[in-house]
>>> print(open('my_file.pdb').read())   # PDB, C-alpha atoms
ATOM      1  CA  MET A  16     -24.205 -51.674  54.955
ATOM      2  CA  SER A  17     -24.294 -48.221  53.406
ATOM      3  CA  SER A  18     -21.161 -46.883  51.693
ATOM      4  CA  SER A  19     -21.786 -43.373  53.054
ATOM      5  CA  PRO A  20     -20.400 -43.287  56.607
ATOM      6  CA  ILE A  21     -21.053 -40.319  58.852
ATOM      7  CA  TYR A  22     -17.713 -38.885  59.947
ATOM      8  CA  GLN A  23     -17.460 -36.366  62.780
ATOM      9  CA  CYS A  24     -14.462 -34.655  64.332
ATOM     10  CA  ASN A  25     -14.484 -32.369  67.379
ATOM     11  CA  VAL A  26     -11.583 -30.544  68.986
ATOM     12  CA  TYR A  27     -11.804 -28.963  72.438
ATOM     13  CA  PHE A  28      -9.249 -26.670  74.051
ATOM     14  CA  GLY A  29      -8.796 -25.279  77.538
ATOM     15  CA  LEU A  30     -11.612 -25.394  80.066
ATOM     16  CA  ASP A  31     -14.117 -26.135  77.286
ATOM     17  CA  VAL A  32     -12.945 -29.756  77.535
ATOM     18  CA  ALA A  33     -15.346 -30.011  80.481
ATOM     19  CA  ARG A  34     -18.256 -29.472  78.075
ATOM     20  CA  ALA A  35     -17.419 -32.537  75.953
ATOM     21  CA  SER A  36     -20.053 -34.884  77.374
ATOM     22  CA  ASP A  37     -20.922 -36.885  74.237
ATOM     23  CA  ILE A  38     -17.576 -38.535  73.562
ATOM     24  CA  LEU A  39     -19.417 -41.855  73.198
ATOM     25  CA  TYR A  40     -22.458 -41.592  70.956
ATOM     26  CA  GLY A  41     -25.554 -42.414  72.988
ATOM     27  CA  GLY A  42     -23.661 -42.280  76.278
ATOM     28  CA  TYR A  43     -22.874 -39.466  78.670
ATOM     29  CA  PHE A  44     -19.572 -38.629  80.347
ATOM     30  CA  GLU A  45     -18.625 -35.906  82.774
ATOM     31  CA  HIS A  46     -15.046 -34.690  82.423
ATOM     32  CA  ARG A  47     -13.292 -33.598  85.591
ATOM     33  CA  LEU A  48     -10.171 -31.474  85.185
ATOM     34  CA  SER A  49      -7.384 -31.131  87.718
ATOM     35  CA  SER A  50      -5.673 -28.128  86.119
ATOM     36  CA  SER A  51      -5.929 -25.731  83.185
ATOM     37  CA  ALA A  52      -2.501 -26.465  81.719
ATOM     38  CA  GLN A  53      -2.252 -27.583  78.073
ATOM     39  CA  LEU A  54      -5.768 -28.940  77.762
ATOM     40  CA  SER A  55      -6.798 -30.383  74.406
ATOM     41  CA  LEU A  56      -9.164 -33.167  73.397
ATOM     42  CA  TYR A  57      -9.268 -34.435  69.819
ATOM     43  CA  HIS A  58     -12.290 -36.655  69.211
ATOM     44  CA  GLN A  59     -13.285 -38.576  66.062
ATOM     45  CA  ARG A  60     -16.369 -40.637  65.330
ATOM     46  CA  VAL A  61     -17.502 -42.774  62.400
ATOM     47  CA  MET A  62     -21.085 -44.008  62.284
ATOM     48  CA  LEU A  63     -22.361 -46.622  59.869
ATOM     49  CA  ASN A  64     -25.901 -47.734  60.602
ATOM     50  CA  ASP A  65     -25.850 -49.187  64.151
ATOM     51  CA  ILE A  66     -22.059 -49.577  64.434
ATOM     52  CA  ARG A  67     -19.841 -46.773  65.720
ATOM     53  CA  LEU A  68     -16.094 -46.342  65.956
ATOM     54  CA  GLU A  69     -14.736 -43.566  68.171
ATOM     55  CA  THR A  70     -11.374 -42.389  69.413
ATOM     56  CA  GLY A  71     -10.205 -39.638  71.724
ATOM     57  CA  ASN A  72      -6.782 -38.126  72.400
ATOM     58  CA  TYR A  73      -6.239 -36.497  75.796
ATOM     59  CA  SER A  74      -3.150 -34.322  76.224
ATOM     60  CA  PHE A  75      -3.566 -34.145  80.002
ATOM     61  CA  PRO A  76      -4.561 -36.146  83.109
ATOM     62  CA  ILE A  77      -8.311 -36.718  83.155
ATOM     63  CA  ILE A  78     -11.117 -38.206  85.189
ATOM     64  CA  ALA A  79     -14.226 -39.137  83.219
ATOM     65  CA  ARG A  80     -17.293 -40.518  84.972
ATOM     66  CA  GLY A  81     -20.361 -41.619  83.053
ATOM     67  CA  CYS A  82     -22.371 -44.292  81.333
ATOM     68  CA  THR A  83     -21.857 -46.179  78.082
ATOM     69  CA  PRO A  84     -24.630 -46.273  75.425
ATOM     70  CA  SER A  85     -27.702 -48.328  76.305
ATOM     71  CA  ASP A  86     -28.065 -49.802  72.804
ATOM     72  CA  THR A  87     -24.591 -51.211  72.101
ATOM     73  CA  ILE A  88     -21.790 -53.251  73.595
ATOM     74  CA  CYS A  89     -18.627 -51.142  73.801
ATOM     75  CA  ILE A  90     -15.242 -52.728  73.169
ATOM     76  CA  GLY A  91     -12.348 -50.495  74.131
ATOM     77  CA  PHE A  92      -8.576 -50.473  74.152
ATOM     78  CA  MET A  93      -5.746 -48.024  74.712
ATOM     79  CA  ALA A  94      -3.834 -46.964  71.600
ATOM     80  CA  HIS A  95      -1.304 -45.431  73.962
ATOM     81  CA  GLY A  96      -1.214 -44.596  77.648
ATOM     82  CA  SER A  97      -2.272 -47.977  79.018
ATOM     83  CA  ASP A  98       0.435 -47.661  81.677
ATOM     84  CA  VAL A  99      -1.266 -44.577  83.187
ATOM     85  CA  THR A 100      -4.962 -45.434  82.827
ATOM     86  CA  ARG A 101      -7.609 -47.216  84.884
ATOM     87  CA  TYR A 102     -11.200 -48.277  84.353
ATOM     88  CA  ASN A 103     -13.400 -48.543  87.439
ATOM     89  CA  THR A 104     -10.212 -48.151  89.545
ATOM     90  CA  VAL A 105      -8.578 -51.192  87.844
ATOM     91  CA  PRO A 106      -5.254 -50.627  86.017
ATOM     92  CA  ILE A 107      -5.415 -51.310  82.272
ATOM     93  CA  GLY A 108      -2.689 -53.701  81.213
ATOM     94  CA  THR A 109      -0.753 -53.776  77.975
ATOM     95  CA  ASP A 110      -2.436 -55.784  75.185
ATOM     96  CA  GLU A 111      -5.834 -55.759  76.889
ATOM     97  CA  ILE A 112      -9.278 -54.896  75.625
ATOM     98  CA  GLN A 113     -12.303 -54.185  77.784
ATOM     99  CA  ILE A 114     -15.867 -55.208  76.981
ATOM    100  CA  TYR A 115     -18.561 -53.012  78.531
ATOM    101  CA  PRO A 116     -22.191 -54.229  78.538
ATOM    102  CA  GLU A 117     -24.955 -51.905  77.395
ATOM    103  CA  GLY A 118     -25.434 -48.962  79.776
ATOM    104  CA  SER A 119     -22.395 -49.705  81.950
ATOM    105  CA  GLU A 120     -21.337 -47.156  84.542
ATOM    106  CA  LEU A 121     -17.706 -46.314  83.906
ATOM    107  CA  LEU A 122     -14.961 -44.395  85.670
ATOM    108  CA  TYR A 123     -12.064 -43.674  83.303
ATOM    109  CA  GLN A 124      -8.963 -42.155  84.822
ATOM    110  CA  SER A 125      -5.621 -41.292  83.256
ATOM    111  CA  SER A 126      -2.645 -39.722  85.031
ATOM    112  CA  GLY A 127      -1.020 -38.692  81.736
ATOM    113  CA  SER A 128      -1.675 -38.253  78.028
ATOM    114  CA  SER A 129      -3.616 -41.079  76.423
ATOM    115  CA  ARG A 130      -5.560 -42.209  73.387
ATOM    116  CA  TRP A 131      -8.494 -44.603  73.606
ATOM    117  CA  VAL A 132     -10.487 -46.404  70.921
ATOM    118  CA  VAL A 133     -14.043 -47.689  71.410
ATOM    119  CA  TYR A 134     -15.916 -49.914  68.964
ATOM    120  CA  SER A 135     -19.674 -49.938  69.673
ATOM    121  CA  VAL A 136     -21.793 -52.697  68.162
ATOM    122  CA  PRO A 137     -25.298 -54.032  68.922
ATOM    123  CA  HIS A 138     -25.322 -57.241  70.951
ATOM    124  CA  THR A 139     -27.094 -59.275  68.260
ATOM    125  CA  ILE A 140     -24.640 -58.242  65.519
ATOM    126  CA  LEU A 141     -21.601 -59.078  67.659
ATOM    127  CA  ILE A 142     -22.968 -62.458  68.771
ATOM    128  CA  GLN A 143     -23.865 -63.352  65.177
ATOM    129  CA  ALA A 144     -20.370 -62.419  64.002
ATOM    130  CA  ILE A 145     -18.836 -64.575  66.752
ATOM    131  CA  LEU A 146     -21.145 -67.446  65.788
ATOM    132  CA  THR A 147     -20.137 -67.085  62.139
ATOM    133  CA  TYR A 148     -16.463 -67.260  63.060
ATOM    134  CA  SER A 149     -16.537 -70.023  65.682
ATOM    135  CA  GLY A 150     -19.764 -71.911  65.121
ATOM    136  CA  GLN A 151     -20.481 -71.524  68.829
ATOM    137  CA  ASP A 152     -22.867 -69.400  70.833
ATOM    138  CA  MET A 153     -20.996 -67.124  73.242
ATOM    139  CA  THR A 154     -22.409 -65.547  76.374
ATOM    140  CA  LEU A 155     -21.259 -62.063  77.291
ATOM    141  CA  SER A 156     -21.978 -60.591  80.701
ATOM    142  CA  LYS A 157     -24.868 -58.115  80.751
ATOM    143  CA  GLU A 158     -23.765 -56.641  84.069
ATOM    144  CA  ASN A 159     -19.995 -56.540  84.495
ATOM    145  CA  ALA A 160     -17.191 -55.234  82.312
ATOM    146  CA  ILE A 161     -14.540 -57.810  81.490
ATOM    147  CA  SER A 162     -10.942 -57.455  80.388
ATOM    148  CA  LEU A 163      -9.316 -59.794  77.875
ATOM    149  CA  LYS A 164      -5.575 -60.325  77.569
ATOM    150  CA  LEU A 165      -4.702 -60.534  73.872
ATOM    151  CA  PRO A 166      -1.691 -62.030  72.089
ATOM    152  CA  LYS A 167       1.131 -59.577  71.525
ATOM    153  CA  GLY A 168       0.543 -57.489  68.405
ATOM    154  CA  SER A 169      -3.264 -57.792  68.451
ATOM    155  CA  ILE A 170      -3.776 -54.223  69.683
ATOM    156  CA  ASP A 171      -1.417 -52.896  66.987
ATOM    157  CA  SER A 172      -3.433 -54.752  64.343
ATOM    158  CA  LEU A 173      -6.725 -53.308  65.621
ATOM    159  CA  LEU A 174      -5.197 -49.834  65.684
ATOM    160  CA  ARG A 175      -4.038 -50.092  62.063
ATOM    161  CA  GLN A 176      -7.552 -51.085  60.983
ATOM    162  CA  THR A 177      -9.025 -48.295  63.109
ATOM    163  CA  ASN A 178      -6.802 -45.665  61.509
ATOM    164  CA  GLU A 179      -7.703 -47.008  58.065
ATOM    165  CA  VAL A 180     -11.425 -46.660  58.816
ATOM    166  CA  PHE A 181     -10.975 -43.017  59.846
ATOM    167  CA  THR A 182      -8.805 -42.260  56.813
ATOM    168  CA  ILE A 183     -11.372 -43.685  54.403
ATOM    169  CA  ALA A 184     -14.303 -42.040  56.211
ATOM    170  CA  GLN A 185     -12.637 -38.617  56.021
ATOM    171  CA  ASN A 186     -12.458 -39.049  52.262
ATOM    172  CA  SER A 187     -15.847 -40.732  51.850
ATOM    173  CA  SER A 188     -16.545 -38.960  48.564
ATOM    174  CA  ASN A 189     -13.659 -40.604  46.719
ATOM    175  CA  SER A 190     -14.127 -43.427  44.226
ATOM    176  CA  ASP A 191     -12.582 -46.094  46.452
ATOM    177  CA  CYS A 192     -15.231 -45.521  49.092
ATOM    178  CA  ARG A 193     -18.020 -45.527  46.485
ATOM    179  CA  ARG A 194     -16.769 -48.904  45.269
ATOM    180  CA  GLY A 195     -17.397 -50.294  48.717
ATOM    181  CA  ASN A 196     -13.875 -50.087  50.121
ATOM    182  CA  PHE A 197     -15.275 -48.678  53.327
ATOM    183  CA  ASN A 198     -17.758 -51.517  53.645
ATOM    184  CA  LYS A 199     -14.945 -53.995  53.234
ATOM    185  CA  ILE A 200     -12.757 -52.540  55.957
ATOM    186  CA  GLN A 201     -15.747 -52.260  58.292
ATOM    187  CA  GLU A 202     -16.574 -55.921  57.751
ATOM    188  CA  GLN A 203     -12.936 -56.807  58.384
ATOM    189  CA  LEU A 204     -12.977 -54.785  61.607
ATOM    190  CA  LEU A 205     -16.099 -56.567  62.889
ATOM    191  CA  ALA A 206     -14.525 -59.913  61.991
ATOM    192  CA  SER A 207     -11.302 -58.954  63.795
ATOM    193  CA  TYR A 208     -13.079 -58.001  67.017
ATOM    194  CA  SER A 209     -15.221 -61.137  66.850
ATOM    195  CA  ARG A 210     -12.198 -63.380  66.300
ATOM    196  CA  ILE A 211     -10.179 -61.766  69.090
ATOM    197  CA  ILE A 212     -13.024 -61.958  71.618
ATOM    198  CA  CYS A 213     -13.917 -65.511  70.675
ATOM    199  CA  ASP A 214     -10.347 -66.819  70.785
ATOM    200  CA  ALA A 215      -9.601 -65.110  74.091
ATOM    201  CA  MET A 216     -12.768 -66.400  75.756
ATOM    202  CA  LEU A 217     -12.354 -69.936  74.426
ATOM    203  CA  GLU A 218      -8.818 -69.988  75.810
ATOM    204  CA  SER A 219     -10.194 -68.914  79.204
ATOM    205  CA  SER A 220      -7.906 -65.893  79.143
ATOM    206  CA  ILE A 221     -10.448 -63.510  80.648
ATOM    207  CA  GLU A 222      -8.618 -61.311  83.078
ATOM    208  CA  LYS A 223     -10.319 -61.864  86.419
ATOM    209  CA  LYS A 224      -9.891 -58.470  87.933
ATOM    210  CA  SER A 225      -9.947 -58.261  91.707
ATOM    211  CA  SER A 226     -13.355 -58.302  93.366
ATOM    212  CA  VAL A 227     -11.774 -55.944  95.903
ATOM    213  CA  SER A 228     -11.261 -53.366  93.134
ATOM    214  CA  GLN A 229     -14.909 -53.722  92.131
ATOM    215  CA  ARG A 230     -16.034 -53.185  95.732
ATOM    216  CA  HIS A 231     -13.837 -50.123  96.011
ATOM    217  CA  ASN A 232     -15.188 -48.706  92.744
ATOM    218  CA  ASN A 233     -18.749 -49.212  94.013
ATOM    219  CA  LEU A 234     -17.801 -47.550  97.296
ATOM    220  CA  ILE A 235     -16.417 -44.502  95.479
ATOM    221  CA  LEU A 236     -19.476 -44.271  93.224
ATOM    222  CA  ASP A 237     -21.928 -44.583  96.127
ATOM    223  CA  SER A 238     -19.892 -42.068  98.116
ATOM    224  CA  GLU A 239     -20.102 -39.560  95.260
ATOM    225  CA  TYR A 240     -23.884 -39.798  95.206
ATOM    226  CA  PHE A 241     -24.018 -39.388  98.990
ATOM    227  CA  VAL A 242     -21.544 -36.508  99.204
ATOM    228  CA  MET A 243     -23.333 -34.569  96.468
ATOM    229  CA  SER A 244     -26.480 -34.615  98.601
ATOM    230  CA  CYS A 245     -24.648 -33.017 101.545
ATOM    231  CA  ASP A 246     -23.463 -29.469 102.134
ATOM    232  CA  ASP A 247     -20.556 -30.367 104.402
ATOM    233  CA  VAL A 248     -18.006 -32.693 102.794
ATOM    234  CA  SER A 249     -16.158 -33.293 106.076
ATOM    235  CA  ALA A 250     -19.331 -34.348 107.850
ATOM    236  CA  SER A 251     -20.370 -36.566 104.940
ATOM    237  CA  LEU A 252     -17.028 -38.411 105.057
ATOM    238  CA  ILE A 253     -17.702 -39.303 108.671
ATOM    239  CA  ASN A 254     -21.168 -40.480 107.663
ATOM    240  CA  ILE A 255     -19.697 -42.580 104.837
ATOM    241  CA  ALA A 256     -17.361 -44.247 107.330
ATOM    242  CA  GLN A 257     -20.257 -44.950 109.667
ATOM    243  CA  ARG A 258     -22.492 -46.321 106.891
ATOM    244  CA  THR A 259     -19.855 -48.577 105.365
ATOM    245  CA  GLY A 260     -18.036 -49.738 108.482
ATOM    246  CA  TYR A 261     -14.713 -48.362 107.229
ATOM    247  CA  SER A 262     -12.629 -46.081 109.401
ATOM    248  CA  LEU A 263     -11.605 -42.670 108.076
ATOM    249  CA  ARG A 264      -8.054 -44.027 107.801
ATOM    250  CA  ALA A 265      -9.282 -47.017 105.748
ATOM    251  CA  LEU A 266     -11.238 -44.687 103.441
ATOM    252  CA  GLU A 267      -8.099 -42.631 102.982
ATOM    253  CA  LEU A 268      -6.113 -45.718 101.955
ATOM    254  CA  ILE A 269      -8.850 -47.010  99.635
ATOM    255  CA  PHE A 270      -9.093 -43.702  97.766
ATOM    256  CA  ARG A 271      -5.331 -43.240  97.509
ATOM    257  CA  ASN A 272      -4.823 -46.790  96.202
ATOM    258  CA  SER A 273      -7.841 -46.708  93.860
ATOM    259  CA  VAL A 274      -7.826 -43.186  92.404
ATOM    260  CA  GLY A 275      -4.530 -41.726  93.580
ATOM    261  CA  MET A 276      -5.839 -39.019  95.889
ATOM    262  CA  SER A 277      -7.428 -38.531  99.287
ATOM    263  CA  PRO A 278     -11.241 -38.527  99.685
ATOM    264  CA  GLY A 279     -11.193 -34.827 100.521
ATOM    265  CA  LYS A 280      -9.253 -33.930  97.365
ATOM    266  CA  TRP A 281     -11.423 -36.257  95.222
ATOM    267  CA  PHE A 282     -14.676 -34.667  96.352
ATOM    268  CA  LEU A 283     -13.264 -31.131  96.181
ATOM    269  CA  ASN A 284     -12.306 -31.821  92.561
ATOM    270  CA  LEU A 285     -15.796 -33.214  91.932
ATOM    271  CA  ARG A 286     -17.459 -30.058  93.261
ATOM    272  CA  LEU A 287     -15.071 -27.650  91.537
ATOM    273  CA  ASN A 288     -15.694 -29.345  88.203
ATOM    274  CA  GLY A 289     -19.424 -29.118  88.857
ATOM    275  CA  THR A 290     -19.132 -25.344  89.186
ATOM    276  CA  LEU A 291     -16.921 -25.205  86.088
ATOM    277  CA  ARG A 292     -19.534 -26.967  83.935
ATOM    278  CA  ASP A 293     -22.247 -24.669  85.273
ATOM    279  CA  PHE A 294     -20.142 -21.596  84.496
ATOM    280  CA  LEU A 295     -19.502 -22.869  80.964
ATOM    281  CA  MET A 296     -23.250 -23.458  80.461
ATOM    282  CA  ALA A 297     -24.253 -20.217  82.171
ATOM    283  CA  THR A 298     -27.368 -18.202  81.410
ATOM    284  CA  PRO A 299     -27.543 -14.381  81.538
ATOM    285  CA  VAL A 300     -28.894 -14.544  85.107
ATOM    286  CA  SER A 301     -26.255 -16.960  86.466
ATOM    287  CA  THR A 302     -24.076 -15.709  89.317
ATOM    288  CA  VAL A 303     -20.884 -16.946  90.915
ATOM    289  CA  SER A 304     -22.454 -17.089  94.363
ATOM    290  CA  GLY A 305     -25.539 -18.943  93.119
ATOM    291  CA  ILE A 306     -23.514 -21.624  91.339
ATOM    292  CA  ALA A 307     -20.951 -21.958  94.143
ATOM    293  CA  THR A 308     -23.644 -22.365  96.779
ATOM    294  CA  ARG A 309     -25.445 -24.986  94.701
ATOM    295  CA  TRP A 310     -22.260 -27.076  94.768
ATOM    296  CA  GLY A 311     -21.802 -26.753  98.525
ATOM    297  CA  PHE A 312     -19.260 -23.916  98.698
ATOM    298  CA  GLN A 313     -20.280 -21.637 101.555
ATOM    299  CA  HIS A 314     -17.178 -19.406 101.761
ATOM    300  CA  LEU A 315     -16.974 -17.559  98.440
ATOM    301  CA  SER A 316     -13.491 -16.081  98.891
ATOM    302  CA  ARG A 317     -12.066 -19.527  99.723
ATOM    303  CA  PHE A 318     -13.954 -21.032  96.789
ATOM    304  CA  SER A 319     -12.619 -18.408  94.369
ATOM    305  CA  GLU A 320      -9.036 -19.115  95.428
ATOM    306  CA  GLN A 321      -9.486 -22.910  95.176
ATOM    307  CA  TYR A 322     -11.035 -22.462  91.726
ATOM    308  CA  ARG A 323      -8.189 -20.196  90.573
ATOM    309  CA  LYS A 324      -5.513 -22.620  91.796
ATOM    310  CA  THR A 325      -7.197 -25.468  89.918
ATOM    311  CA  PHE A 326      -8.306 -23.826  86.667
ATOM    312  CA  GLY A 327      -5.929 -20.876  86.343
ATOM    313  CA  GLU A 328      -8.531 -18.097  86.510
ATOM    314  CA  TYR A 329     -11.155 -16.748  88.875
ATOM    315  CA  PRO A 330     -14.724 -18.062  88.536
ATOM    316  CA  SER A 331     -15.975 -14.608  87.595
ATOM    317  CA  HIS A 332     -13.707 -14.659  84.526
ATOM    318  CA  THR A 333     -15.066 -18.020  83.362
ATOM    319  CA  LEU A 334     -18.632 -16.883  83.934
ATOM    320  CA  ASN A 335     -18.194 -13.558  82.124
ATOM    321  CA  ARG A 336     -16.581 -15.275  79.138
ATOM    322  CA  SER A 337     -19.464 -17.736  78.928
ATOM    323  CA  LYS A 338     -22.047 -14.959  79.103
ATOM    324  CA  LYS A 339     -20.311 -13.092  76.283
ATOM    325  CA  ARG A 340     -20.401 -16.265  74.199
ATOM    326  CA  VAL A 341     -24.117 -16.671  74.871
ATOM    327  CA  GLU A 342     -24.717 -13.040  73.929
ATOM    328  CA  ALA A 343     -22.727 -13.462  70.701
ATOM    329  CA  VAL A 344     -24.717 -16.558  69.724
ATOM    330  CA  SER A 345     -28.006 -14.801  70.505
ATOM    331  CA  PHE A 346     -27.001 -11.782  68.432
ATOM    332  CA  GLU A 347     -25.989 -13.982  65.513
ATOM    333  CA  ARG A 348     -29.296 -15.854  65.609
ATOM    334  CA  GLU A 349     -31.263 -12.613  65.770
ATOM    335  CA  PHE A 350     -29.264 -11.186  62.867
ATOM    336  CA  ASP A 351     -29.858 -14.334  60.761
ATOM    337  CA  SER A 352     -33.559 -14.181  61.590
ATOM    338  CA  GLN A 353     -33.804 -10.587  60.409
ATOM    339  CA  ILE A 354     -31.925 -11.367  57.207
ATOM    340  CA  ASN A 355     -34.150 -14.338  56.404
ATOM    341  CA  SER A 356     -37.445 -12.656  57.297
TER     342      SER A 356
END
>>> encode(input="my_file.pdb", output="structure tokens")
Amino acid sequence: MSSSPIYQCNVYFGLDVARASDILYGGYFEHRLSSSAQLSLYHQRVMLNDIRLETGNYSFPIIARGCTPSDTICIGFMAHGSDVTRYNTVPIGTDEIQIYPEGSELLYQSSGSSRWVVYSVPHTILIQAILTYSGQDMTLSKENAISLKLPKGSIDSLLRQTNEVFTIAQNSSNSDCRRGNFNKIQEQLLASYSRIICDAMLESSIEKKSSVSQRHNNLILDSEYFVMSCDDVSASLINIAQRTGYSLRALELIFRNSVGMSPGKWFLNLRLNGTLRDFLMATPVSTVSGIATRWGFQHLSRFSEQYRKTFGEYPSHTLNRSKKRVEAVSFEREFDSQINS
């Protein structure tokens, strides 16, 4: 391994949190906000060849829907906030880690502040490290995420090593790092994850999460795809009930138990966040009505009020601010071009 890690740190504030789509290198996640109050996301990443270590601190409730990287297995745990977080509608227990196969679809939801850590490693490297530790070949699911219950204190140990990696990477020019100190801690971290996974699986302590939760997560995901193809959310909910065999009352209970809100509120939040991302990525010709209509909002005055109640400002204010930012960037680029020509 190289002794020159690539360290990155990104901080997002306010509604710009919705633009942070690359919180897992090689993956894509869509952040959905439920308010504009006290929004901050602090994200760190260390890359060393094909292995990545990432962490994110959310100061607010969050819904993140997306896909993990297609080239690595992701091993995640909660540094804090496990009592308020879910993955794929399943509550995350204390002293648990989750293993996500390459390219897994993931719904992350937290009802309060939280910090997560994800260690991404190629399948072959992880399996070889497990083999080195145990002398046994281990089979990891290529389709379903699994949760492992760890002995008390294991998460704290992983967190200490994680923090040490980030500390060393931030100071990668110092003599300790040049002497290979970073390589050593990285090797120790890989060995720790391998040992923990191996021991937990050999002891048959895989947490068998409810198949009902998995069905409900699939229902919510499929419903999102269907609803986004319809203009009328109310009509599409009736169609979802007809297609799945659930009654509207059953859908209501499933959503409230799985994601903590009604179907109507869930899909309204989905659409509002869609408009927010489009406003933040606006072009000079973007309009409020054009973006709102694209996301299924037919009554602009009602949409503007729903947007203001959720994000603390009218859509026109978000759009105008984004356009000014685009203009400023364009001016700066033009100025630099003239200076360098």
>>> residues_around(input="my_file.pdb", residues="stretch 46-60 of chain A", least_positions_apart="3", cutoff="7 Å", atoms="only C-alpha atoms", output="NGL selection string")
:A and (22-30 or 32-33 or 68-75 or 77-80 or 284-285 or 288 or 325-327)
>>> closest_atom_pairs(input="my_file.pdb", of="stretch 217-320 of chain A", to="stretch 116-136 of chain A", cutoff="12 Å", atoms="only C-alpha atoms", output="JSON lines")
{"residue": "A:Gln229", "atom": "CA", "partner": "A:Leu122", "partner_atom": "CA", "distance": 11.3}
{"residue": "A:His231", "atom": "CA", "partner": "A:Leu122", "partner_atom": "CA", "distance": 11.9}
{"residue": "A:Asn232", "atom": "CA", "partner": "A:Leu122", "partner_atom": "CA", "distance": 8.3}
{"residue": "A:Asn233", "atom": "CA", "partner": "A:Glu120", "partner_atom": "CA", "distance": 10.0}
{"residue": "A:Ile235", "atom": "CA", "partner": "A:Leu122", "partner_atom": "CA", "distance": 9.9}
{"residue": "A:Leu236", "atom": "CA", "partner": "A:Leu122", "partner_atom": "CA", "distance": 8.8}
{"residue": "A:Asp237", "atom": "CA", "partner": "A:Glu120", "partner_atom": "CA", "distance": 11.9}
{"residue": "A:Glu239", "atom": "CA", "partner": "A:Leu122", "partner_atom": "CA", "distance": 11.9}
{"residue": "A:Ser273", "atom": "CA", "partner": "A:Gln124", "partner_atom": "CA", "distance": 10.2}
{"residue": "A:Val274", "atom": "CA", "partner": "A:Gln124", "partner_atom": "CA", "distance": 7.7}
{"residue": "A:Gly275", "atom": "CA", "partner": "A:Ser126", "partner_atom": "CA", "distance": 9.0}
{"residue": "A:Met276", "atom": "CA", "partner": "A:Ser126", "partner_atom": "CA", "distance": 11.3}
>>> atom_distance(input="my_file.pdb", atom1="atom CA of A:Gly91", atom2="atom CA of A:Ile112")
5.6 Å
>>> atom_distance(input="my_file.pdb", atom1="atom CA of A:Ala297", atom2="atom CA of A:Pro84")
26.9 Å
>>> resolve_selection(input="my_file.pdb", expression="the PyMOL selection byres ((chain A and resi 185) around 10)", output="tab-separated table (two decimals) with C-alpha atoms, in the frame of the given file")
chain	number	residue	atom	x	y	z
A	20	PRO	CA	-20.40	-43.29	56.61
A	21	ILE	CA	-21.05	-40.32	58.85
A	22	TYR	CA	-17.71	-38.88	59.95
A	23	GLN	CA	-17.46	-36.37	62.78
A	24	CYS	CA	-14.46	-34.66	64.33
A	61	VAL	CA	-17.50	-42.77	62.40
A	179	GLU	CA	-7.70	-47.01	58.06
A	180	VAL	CA	-11.42	-46.66	58.82
A	181	PHE	CA	-10.98	-43.02	59.85
A	182	THR	CA	-8.80	-42.26	56.81
A	183	ILE	CA	-11.37	-43.68	54.40
A	184	ALA	CA	-14.30	-42.04	56.21
A	186	ASN	CA	-12.46	-39.05	52.26
A	187	SER	CA	-15.85	-40.73	51.85
A	188	SER	CA	-16.55	-38.96	48.56
A	189	ASN	CA	-13.66	-40.60	46.72
>>> resolve_selection(input="my_file.pdb", expression="the PyMOL selection byres ((chain A and resi 143) around 12)", output="PyMOL selection string")
chain A and resi 136-142+144-154+205-206+209-210+213
>>> closest_residue(input="my_file.pdb", among="A:Glu267, A:Thr259, A:Phe318, A:Lys338", to="A:Thr298", atoms="all atoms listed in the file")
A:Lys338
>>> resolve_selection(input="my_file.pdb", expression="the PyMOL selection byres ((chain A and resi 107) around 12)", output="JSON, numbers by chain")
{"A": [91, 92, 93, 94, 95, 96, 97, 98, 99, 100, 101, 102, 103, 104, 105, 106, 108, 109, 110, 111, 112, 113, 123, 124, 125, 129, 131, 161, 162, 163, 164, 222, 224]}
>>> axis_aligned_box(input="my_file.pdb", around="stretch 131-137 of chain A", padding_each_side="4 Å", output="lines of an AutoDock Vina configuration file")
center_x = -16.9
center_y = -49.3
center_z = 70.9
size_x = 24.8
size_y = 17.4
size_z = 13.4
>>> atom_distance(input="my_file.pdb", atom1="atom CA of A:Arg292", atom2="atom CA of A:Ala256")
29.2 Å
>>> closest_residue(input="my_file.pdb", among="A:Thr83, A:Ser172, A:Thr302, A:Asn64", to="A:Tyr40", atoms="only C-alpha atoms")
A:Thr83
>>> closest_residue(input="my_file.pdb", among="A:Leu204, A:Leu283, A:Ile114, A:Leu315", to="A:Val303", atoms="only C-alpha atoms")
A:Leu315
>>> residues_around(input="my_file.pdb", residues="A:Tyr329", least_positions_apart="4", cutoff="10 Å", atoms="only C-alpha atoms", output="PyMOL selection string")
chain A and resi 303+318-325+333-334
>>> closest_residue(input="my_file.pdb", among="A:Cys245, A:Cys89, A:Ile200, A:Ile253", to="A:Thr177", atoms="only C-alpha atoms")
A:Ile200
